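Raw input.cif, mmCIF, C-alpha atoms:
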```cif
data_upload
loop_
_atom_site.label_atom_id
_atom_site.label_comp_id
_atom_site.auth_asym_id
_atom_site.auth_seq_id
_atom_site.Cartn_x
_atom_site.Cartn_y
_atom_site.Cartn_z
CA MET A 237 -53.51 -40.56 9.21
CA THR A 238 -55.95 -40.00 12.11
CA SER A 239 -54.78 -40.01 15.73
CA SER A 240 -56.57 -43.31 16.40
CA THR A 241 -55.09 -44.93 13.30
CA GLN A 242 -51.66 -43.58 14.17
CA ALA A 243 -51.85 -45.04 17.68
CA SER A 244 -52.60 -48.52 16.30
CA THR A 245 -49.88 -48.40 13.62
CA PRO A 246 -46.51 -49.95 14.54
CA LEU A 247 -43.74 -47.43 15.20
CA ALA A 248 -41.55 -48.85 12.40
CA THR A 249 -44.39 -48.34 9.91
CA ARG A 250 -44.93 -44.75 11.05
CA ILE A 251 -41.21 -43.97 10.71
CA ASN A 252 -41.18 -45.57 7.26
CA HIS A 253 -44.19 -43.52 6.15
CA PHE A 254 -42.62 -40.31 7.46
CA PHE A 255 -39.40 -40.71 5.47
CA GLN A 256 -41.23 -42.02 2.42
CA HIS A 257 -42.68 -38.54 1.81
CA ARG A 258 -39.60 -36.45 2.60
CA THR A 259 -36.99 -34.84 0.35
CA GLU A 260 -34.53 -36.75 -1.82
CA ARG A 261 -31.60 -36.35 0.57
CA GLU A 262 -33.59 -37.48 3.63
CA ARG A 263 -34.96 -40.51 1.80
CA ILE A 264 -31.51 -41.62 0.61
CA VAL A 265 -30.18 -41.49 4.17
CA PHE A 266 -33.13 -43.50 5.49
CA GLU A 267 -32.81 -46.09 2.72
CA LYS A 268 -29.18 -46.65 3.72
CA VAL A 269 -30.39 -47.41 7.24
CA ARG A 270 -32.88 -49.94 5.84
CA GLN A 271 -30.13 -51.50 3.72
CA THR A 272 -27.90 -51.90 6.78
CA LEU A 273 -30.67 -53.79 8.58
CA SER A 274 -30.87 -56.30 5.71
CA LEU A 275 -27.24 -56.25 4.61
CA PRO A 276 -26.81 -59.93 3.60
CA THR A 277 -29.86 -59.69 1.31
CA ILE A 278 -28.71 -56.39 -0.18
CA LEU A 279 -25.16 -57.61 -0.87
CA ARG A 280 -26.39 -60.85 -2.43
CA ARG A 281 -28.72 -59.00 -4.80
CA ARG A 282 -26.12 -56.39 -5.71
CA ALA A 283 -23.61 -59.11 -6.61
CA ALA A 284 -26.22 -60.85 -8.78
CA ALA A 285 -26.97 -57.54 -10.55
CA ARG A 286 -23.28 -57.01 -11.34
CA GLU A 287 -23.13 -60.46 -12.95
CA LEU A 288 -26.19 -59.68 -15.06
CA SER A 289 -24.78 -56.31 -16.18
CA VAL A 290 -21.85 -57.80 -18.08
CA ALA A 291 -23.70 -58.14 -21.40
CA LEU A 292 -26.93 -56.14 -21.41
CA PRO A 293 -29.31 -56.62 -24.37
CA PHE A 294 -30.75 -53.16 -23.65
CA ALA A 295 -30.50 -50.51 -20.96
CA ILE A 296 -32.54 -47.80 -19.24
CA ASP A 297 -30.75 -44.47 -19.58
CA ARG A 298 -30.26 -42.86 -16.16
CA GLU A 299 -30.41 -39.27 -17.39
CA ARG A 300 -33.60 -39.99 -19.28
CA GLY A 301 -35.12 -42.40 -16.78
CA PHE A 302 -37.19 -44.30 -19.32
CA ASN A 303 -37.02 -46.38 -22.48
CA VAL A 304 -39.80 -47.04 -25.00
CA PHE A 305 -40.11 -50.05 -27.30
CA PRO A 306 -42.44 -50.49 -30.30
CA PRO A 307 -44.97 -53.31 -30.64
CA GLY A 308 -43.25 -56.63 -31.36
CA ALA A 309 -40.18 -55.97 -29.24
CA PHE A 310 -41.19 -58.64 -26.70
CA PRO A 311 -43.09 -61.75 -27.89
CA GLU A 312 -45.17 -62.06 -24.69
CA VAL A 313 -46.74 -58.65 -25.22
CA GLN A 314 -49.13 -59.77 -27.95
CA GLU A 315 -50.74 -62.20 -25.48
CA ILE A 316 -50.80 -59.54 -22.76
CA VAL A 317 -52.66 -57.17 -25.08
CA ALA A 318 -55.19 -59.85 -26.04
CA GLU A 319 -55.87 -60.83 -22.41
CA THR A 320 -56.11 -57.21 -21.30
CA GLN A 321 -58.48 -56.27 -24.10
CA ASN A 322 -60.66 -59.23 -23.13
CA LEU A 323 -60.74 -57.99 -19.51
CA GLY A 324 -61.64 -54.49 -20.72
CA ARG A 325 -64.67 -55.54 -22.78
CA ASP A 326 -67.16 -55.56 -19.90
CA VAL A 327 -65.95 -53.35 -17.06
CA ASP A 328 -68.31 -53.28 -14.06
CA LEU A 329 -67.78 -50.08 -12.08
CA THR A 330 -70.32 -51.20 -9.48
CA ARG A 331 -68.61 -54.43 -8.44
CA PRO A 332 -67.85 -54.87 -4.74
CA GLY A 333 -64.41 -53.89 -3.51
CA LEU A 334 -63.78 -50.98 -5.89
CA SER A 335 -62.59 -47.73 -4.36
CA LYS A 336 -64.58 -44.54 -4.83
CA LYS A 337 -61.89 -43.37 -7.26
CA ALA A 338 -62.16 -46.55 -9.33
CA ARG A 339 -65.96 -46.36 -9.38
CA SER A 340 -65.61 -43.08 -11.26
CA GLY A 341 -63.69 -44.90 -14.02
CA PHE A 342 -60.23 -43.82 -12.87
CA MET A 343 -57.48 -46.47 -12.76
CA VAL A 344 -59.88 -49.39 -12.38
CA PRO A 345 -57.99 -52.64 -11.58
CA LEU A 346 -59.19 -55.53 -13.75
CA LEU A 347 -56.80 -58.42 -13.13
CA ASP A 348 -57.53 -61.13 -10.56
CA LEU A 349 -54.05 -61.96 -9.28
CA SER A 350 -55.20 -65.35 -8.01
CA THR A 351 -55.44 -66.45 -11.66
CA ILE A 352 -51.77 -65.66 -12.36
CA ASP A 353 -49.26 -68.50 -12.66
CA LEU A 354 -45.91 -69.00 -14.39
CA ARG A 355 -47.66 -69.68 -17.72
CA SER A 356 -49.21 -66.20 -17.66
CA PRO A 357 -47.79 -63.83 -20.30
CA PHE A 358 -47.68 -61.12 -17.63
CA LEU A 359 -45.17 -63.10 -15.55
CA ARG A 360 -43.37 -64.47 -18.59
CA LEU A 361 -42.59 -60.87 -19.60
CA ALA A 362 -41.65 -59.90 -16.04
CA LEU A 363 -39.28 -62.89 -15.72
CA ARG A 364 -37.55 -62.61 -19.10
CA PRO A 365 -33.76 -62.80 -18.58
CA ASP A 366 -33.14 -59.66 -20.67
CA VAL A 367 -35.80 -57.72 -18.76
CA ILE A 368 -34.42 -58.82 -15.38
CA ALA A 369 -30.88 -57.91 -16.49
CA ALA A 370 -31.84 -54.41 -17.68
CA VAL A 371 -33.94 -53.62 -14.61
CA SER A 372 -31.30 -55.03 -12.22
CA SER A 373 -28.51 -53.08 -13.90
CA TYR A 374 -30.47 -49.84 -13.64
CA LEU A 375 -31.33 -50.39 -9.96
CA GLY A 376 -27.92 -51.82 -9.03
CA SER A 377 -29.69 -54.74 -7.39
CA VAL A 378 -31.90 -57.62 -8.45
CA PRO A 379 -35.41 -56.44 -7.49
CA VAL A 380 -38.66 -58.21 -6.66
CA ILE A 381 -41.95 -57.95 -8.50
CA ALA A 382 -43.94 -55.87 -6.02
CA HIS A 383 -47.09 -55.25 -8.06
CA LEU A 384 -48.76 -56.36 -11.29
CA GLN A 385 -52.12 -55.12 -12.50
CA VAL A 386 -54.23 -54.18 -15.52
CA TYR A 387 -55.86 -50.73 -15.38
CA TYR A 388 -58.84 -49.23 -17.18
CA SER A 389 -59.24 -45.45 -17.28
CA ALA A 390 -62.18 -43.58 -18.78
CA ALA A 391 -63.18 -39.91 -18.90
CA GLY A 392 -64.24 -38.65 -15.50
CA SER A 393 -63.80 -35.34 -13.72
CA ASP A 394 -63.06 -32.16 -15.66
CA GLU A 395 -60.39 -31.29 -13.10
CA ALA A 396 -57.16 -33.29 -12.81
CA ARG A 397 -56.70 -35.05 -9.46
CA SER A 398 -54.52 -37.57 -7.70
CA SER A 399 -52.10 -39.27 -10.14
CA GLN A 400 -53.54 -37.14 -12.98
CA LEU A 401 -51.27 -34.42 -11.55
CA PHE A 402 -47.49 -34.31 -11.85
CA HIS A 403 -45.76 -36.30 -9.10
CA CYS A 404 -42.82 -38.57 -8.33
CA ASP A 405 -43.74 -41.88 -6.72
CA ALA A 406 -42.68 -42.23 -3.08
CA ASP A 407 -42.33 -46.05 -3.05
CA ALA A 408 -38.51 -46.06 -3.22
CA THR A 409 -35.47 -43.93 -4.09
CA ALA A 410 -35.52 -45.68 -7.49
CA GLN A 411 -37.79 -48.25 -9.10
CA VAL A 412 -38.80 -49.54 -12.51
CA LYS A 413 -42.31 -49.93 -13.83
CA ILE A 414 -43.16 -51.56 -17.14
CA PHE A 415 -46.24 -50.14 -18.86
CA VAL A 416 -47.72 -52.08 -21.77
CA LEU A 417 -50.22 -50.13 -23.86
CA CYS A 418 -53.13 -52.50 -24.46
CA SER A 419 -55.31 -50.08 -26.40
CA GLU A 420 -54.52 -47.40 -28.96
CA VAL A 421 -53.26 -44.43 -26.94
CA THR A 422 -53.18 -40.91 -28.34
CA ALA A 423 -52.86 -37.54 -26.62
CA SER A 424 -56.63 -37.70 -25.99
CA ASN A 425 -56.65 -41.09 -24.25
CA GLY A 426 -54.84 -39.93 -21.13
CA PRO A 427 -51.34 -41.20 -21.87
CA LEU A 428 -48.69 -41.64 -19.22
CA THR A 429 -46.77 -38.38 -19.61
CA LEU A 430 -43.19 -38.11 -18.35
CA LEU A 431 -40.53 -35.53 -17.66
CA ASP A 432 -37.07 -37.01 -18.05
CA ALA A 433 -35.00 -37.76 -14.95
CA ARG A 434 -32.61 -34.82 -15.45
CA THR A 435 -35.44 -32.28 -15.75
CA SER A 436 -37.24 -33.89 -12.81
CA ARG A 437 -34.16 -33.52 -10.59
CA MET A 438 -34.01 -29.83 -11.43
CA ILE A 439 -37.67 -29.37 -10.50
CA ARG A 440 -37.33 -31.24 -7.21
CA GLN A 441 -34.40 -29.04 -6.23
CA ARG A 442 -36.19 -25.82 -7.20
CA LEU A 443 -39.35 -26.74 -5.30
CA ALA A 444 -37.74 -28.56 -2.34
CA TYR A 445 -40.13 -31.31 -3.36
CA HIS A 446 -41.45 -33.94 -0.96
CA PHE A 447 -42.03 -37.24 -2.76
CA GLY A 448 -45.60 -38.25 -3.47
CA GLY A 449 -46.81 -34.66 -3.51
CA LYS A 450 -49.06 -33.66 -6.41
CA ILE A 451 -48.22 -30.52 -8.42
CA LYS A 452 -50.62 -28.62 -10.66
CA ASP A 453 -49.52 -27.73 -14.18
CA LYS A 454 -49.58 -23.99 -13.43
CA ARG A 455 -46.92 -24.37 -10.75
CA LEU A 456 -44.54 -25.98 -13.24
CA ALA A 457 -45.29 -23.58 -16.09
CA SER A 458 -42.28 -21.36 -15.33
CA LEU A 459 -39.91 -24.34 -15.05
CA ILE A 460 -40.74 -26.43 -18.12
CA THR A 461 -42.20 -26.13 -21.61
CA PRO A 462 -44.53 -28.47 -23.53
CA ALA A 463 -41.41 -29.78 -25.29
CA ASP A 464 -40.30 -31.29 -21.98
CA HIS A 465 -43.39 -33.53 -21.92
CA HIS A 466 -42.90 -37.10 -23.14
CA PRO A 467 -46.35 -38.69 -23.65
CA ILE A 468 -46.23 -42.47 -24.06
CA VAL A 469 -48.53 -42.91 -27.04
CA GLY A 470 -48.78 -45.56 -29.69
CA ARG A 471 -50.40 -48.75 -30.86
CA PRO A 472 -51.30 -51.65 -28.56
CA GLY A 473 -48.09 -53.47 -27.66
CA THR A 474 -45.99 -50.36 -27.12
CA VAL A 475 -43.87 -50.91 -24.00
CA CYS A 476 -42.32 -48.33 -21.66
CA PHE A 477 -39.76 -49.00 -18.91
CA VAL A 478 -39.71 -46.02 -16.54
CA ASP A 479 -38.43 -45.01 -13.13
CA THR A 480 -41.55 -43.32 -11.76
CA THR A 481 -39.64 -42.18 -8.69
CA GLN A 482 -36.98 -40.27 -10.60
CA CYS A 483 -39.32 -39.02 -13.37
CA PHE A 484 -42.20 -36.64 -12.73
CA HIS A 485 -45.28 -38.01 -14.45
CA PHE A 486 -49.04 -38.01 -14.70
CA GLY A 487 -51.62 -40.09 -16.57
CA SER A 488 -55.27 -41.02 -17.12
CA ARG A 489 -56.41 -37.56 -18.22
CA VAL A 490 -58.86 -39.20 -20.61
CA GLU A 491 -60.93 -36.74 -22.64
CA TYR A 492 -64.69 -37.08 -23.03
CA GLY A 493 -65.83 -38.80 -26.20
CA VAL A 494 -62.73 -40.95 -26.69
CA ALA A 495 -62.11 -44.60 -25.92
CA PRO A 496 -60.90 -45.59 -22.44
CA ARG A 497 -57.23 -46.42 -21.90
CA LEU A 498 -56.13 -49.98 -21.11
CA VAL A 499 -52.65 -50.53 -19.72
CA THR A 500 -50.76 -53.32 -17.97
CA MET A 501 -48.31 -52.29 -15.24
CA ILE A 502 -45.51 -54.36 -13.65
CA GLN A 503 -43.57 -52.83 -10.75
CA TYR A 504 -40.07 -53.79 -9.61
CA LEU A 505 -38.73 -52.67 -6.22
CA THR A 506 -35.53 -53.49 -4.37
CA PRO A 507 -35.84 -55.01 -0.86
CA SER A 508 -34.84 -51.67 0.72
CA SER A 509 -37.90 -49.98 -0.81
CA PHE A 510 -40.15 -48.09 1.60
CA MET A 511 -43.16 -50.10 0.40
CA LEU A 512 -41.78 -53.54 1.31
CA PRO A 513 -41.51 -54.97 4.83
CA ARG A 514 -38.07 -55.53 6.30
CA ASP A 515 -38.35 -59.16 5.21
CA HIS A 516 -39.17 -58.50 1.56
CA ARG A 517 -40.44 -62.05 1.12
CA ALA A 518 -43.55 -61.15 3.11
CA GLY A 519 -44.37 -58.44 0.57
CA SER A 520 -43.68 -60.44 -2.60
CA PRO A 521 -47.07 -61.36 -4.14
CA PHE A 522 -45.70 -64.11 -6.41
CA ARG A 523 -43.22 -65.75 -4.06
CA HIS A 524 -45.38 -68.88 -3.87
CA LEU A 525 -44.78 -69.52 -7.59
CA ALA A 526 -41.00 -69.93 -7.23
CA THR A 527 -39.61 -73.45 -7.60
CA ALA A 528 -36.25 -74.96 -6.72
CA GLY A 529 -35.64 -75.84 -10.37
CA MET A 530 -35.95 -72.35 -11.85
CA PRO A 531 -32.97 -70.01 -12.46
CA ARG A 532 -31.73 -68.27 -9.34
CA THR A 533 -32.36 -64.79 -10.72
CA GLN A 534 -36.02 -65.62 -11.35
CA ARG A 535 -36.35 -66.90 -7.79
CA LEU A 536 -34.86 -63.63 -6.56
CA VAL A 537 -37.31 -61.59 -8.64
CA LEU A 538 -40.25 -63.64 -7.35
CA GLY A 539 -39.07 -62.89 -3.79
CA ASP A 540 -38.19 -66.43 -2.82
CA LEU A 541 -34.58 -65.67 -1.81
#
```
Please lay out the structure from this file as structure tokens.
Amino acid sequence: MTSSTQASTPLATRINHFFQHRTERERIVFEKVRQTLSLPTILRRRAAARELSVALPFAIDRERGFNVFPPGAFPEVQEIVAETQNLGRDVDLTRPGLSKKARSGFMVPLLDLSTIDLRSPFLRLALRPDVIAAVSSYLGSVPVIAHLQVYYSAAGSDEARSSQLFHCDADATAQVKIFVLCSEVTASNGPLTLLDARTSRMIRQRLAYHFGGKIKDKRLASLITPADHHPIVGRPGTVCFVDTTQCFHFGSRVEYGVAPRLVTMIQYLTPSSFMLPRDHRAGSPFRHLATAGMPRTQRLVLGDL
């Protein structure tokens, strides 16, 4: 952040950004402050999560930090794969609005969010009662959908960069992302590659890690082995639920001469997340789709309450 940019940025935003990229202990303390400032919202969402946790159809293991499902586990996924593959047929890397990184074929966003409504398979998956229950139970609070996008990644630089390096996301102290593989993904197609939550905690402690920082493979070589890597590979329709804050991960290391990777990503954050404004409703991209007649938990997830 330049001095001129810093001067024009609100103080609350600067404080938020500072703690976002600190150590685990510092971030937990700051999140508790944020929770205190929005206590009625936090308590309401925690109570709703406890109700949903009574009979879970599936769960995300906290020591592992992720759960993988085969194609066919969720009916909406077949439509998601079809729509995503259609979007990936004619990718224009020169279109206006793309970042320099995306123009190189790295994590190119393909989905126009203005086309998304409640009939969309992307939102139908995100709003499934069993999905909401599992994510809420893991987070201890009913979250909001903070981000939804389809990404295309092709071979680019020979040297890993940005999110192609191991890192833990700085968005929150815990979060859940759903990744839907929408193309065949092998070790060559740049799969999302995870370290489990327990191993990741050990690494953060050893390195006094600041969240969001990128770590080269060589630096981790003495701490982990290839057996600790969990690449998310499989046929289109494979689904992974993962806490990308608690699990070190990298992705999009697509090798030359292989097909690009297509993946759909849905992100859930609690209102005390560092990435959402104090009034989480202002940062909920699908809040406008909530209706008075839908179940209360879905309205919460859309950010309407």
Residues returned when the PyMOL selection byres ((chain A and resi 438) around 12) runs on this file, as a VMD selection string: chain A and resid 260 299 431 to 437 439 to 445 456 459 to 460 482 to 484
Export of prior selection with C-alpha atoms as an mmCIF file, in the frame of the given file:
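The result, stored in result-v7.cif:
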```
data_model
loop_
_atom_site.group_PDB
_atom_site.id
_atom_site.type_symbol
_atom_site.label_atom_id
_atom_site.label_comp_id
_atom_site.auth_asym_id
_atom_site.auth_seq_id
_atom_site.Cartn_x
_atom_site.Cartn_y
_atom_site.Cartn_z
ATOM 1 C CA GLU A 260 -34.530 -36.750 -1.820
ATOM 2 C CA GLU A 299 -30.410 -39.270 -17.390
ATOM 3 C CA LEU A 431 -40.530 -35.530 -17.660
ATOM 4 C CA ASP A 432 -37.070 -37.010 -18.050
ATOM 5 C CA ALA A 433 -35.000 -37.760 -14.950
ATOM 6 C CA ARG A 434 -32.610 -34.820 -15.450
ATOM 7 C CA THR A 435 -35.440 -32.280 -15.750
ATOM 8 C CA SER A 436 -37.240 -33.890 -12.810
ATOM 9 C CA ARG A 437 -34.160 -33.520 -10.590
ATOM 10 C CA ILE A 439 -37.670 -29.370 -10.500
ATOM 11 C CA ARG A 440 -37.330 -31.240 -7.210
ATOM 12 C CA GLN A 441 -34.400 -29.040 -6.230
ATOM 13 C CA ARG A 442 -36.190 -25.820 -7.200
ATOM 14 C CA LEU A 443 -39.350 -26.740 -5.300
ATOM 15 C CA ALA A 444 -37.740 -28.560 -2.340
ATOM 16 C CA TYR A 445 -40.130 -31.310 -3.360
ATOM 17 C CA LEU A 456 -44.540 -25.980 -13.240
ATOM 18 C CA LEU A 459 -39.910 -24.340 -15.050
ATOM 19 C CA ILE A 460 -40.740 -26.430 -18.120
ATOM 20 C CA GLN A 482 -36.980 -40.270 -10.600
ATOM 21 C CA CYS A 483 -39.320 -39.020 -13.370
ATOM 22 C CA PHE A 484 -42.200 -36.640 -12.730
#
```
Given the PyMOL selection byres ((chain A and resi 315-332) around 7), the residues it picks as a PyMOL selection string: chain A and resi 312-314+333-334+339+341+346+357-358+386+388+418+472-473
Could you turn the residues from that selection into a file that holds C-alpha atoms, as a JSON list (two decimals), keeping the file's coordinate frame?
```json
[["chain", "number", "residue", "atom", "x", "y", "z"],
["A", 312, "GLU", "CA", -45.17, -62.06, -24.69],
["A", 313, "VAL", "CA", -46.74, -58.65, -25.22],
["A", 314, "GLN", "CA", -49.13, -59.77, -27.95],
["A", 333, "GLY", "CA", -64.41, -53.89, -3.51],
["A", 334, "LEU", "CA", -63.78, -50.98, -5.89],
["A", 339, "ARG", "CA", -65.96, -46.36, -9.38],
["A", 341, "GLY", "CA", -63.69, -44.90, -14.02],
["A", 346, "LEU", "CA", -59.19, -55.53, -13.75],
["A", 357, "PRO", "CA", -47.79, -63.83, -20.30],
["A", 358, "PHE", "CA", -47.68, -61.12, -17.63],
["A", 386, "VAL", "CA", -54.23, -54.18, -15.52],
["A", 388, "TYR", "CA", -58.84, -49.23, -17.18],
["A", 418, "CYS", "CA", -53.13, -52.50, -24.46],
["A", 472, "PRO", "CA", -51.30, -51.65, -28.56],
["A", 473, "GLY", "CA", -48.09, -53.47, -27.66]]
```
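One finds CA of Pro379 (chain A) at 22.2 Å from CA of Leu347 (chain A).
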Residues matched by the PyMOL selection byres ((chain A and resi 264) around 12), written as JSON, numbers by chain: {"A": [255, 256, 257, 258, 259, 260, 261, 262, 263, 265, 266, 267, 268, 269, 270, 271, 406, 408, 409, 410, 447, 508, 509, 510]}
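Restricting the calculation to only C-alpha atoms, the smallest distance between Leu498 (chain A) and any of A:Leu275, A:Ala295, A:Val371, A:Val421 is found for A:Val421.
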Residue contacts of Ile296 (chain A) (10 Å, all atoms listed in the file) excluding same-chain residues fewer than 4 positions away, as a list in words: Arg300, Gly301, Phe302, Asn303, Val304, Ala370, Val371, Ser373, Tyr374, Leu375, Val412, Phe477, Val478 and Asp479 of chain A
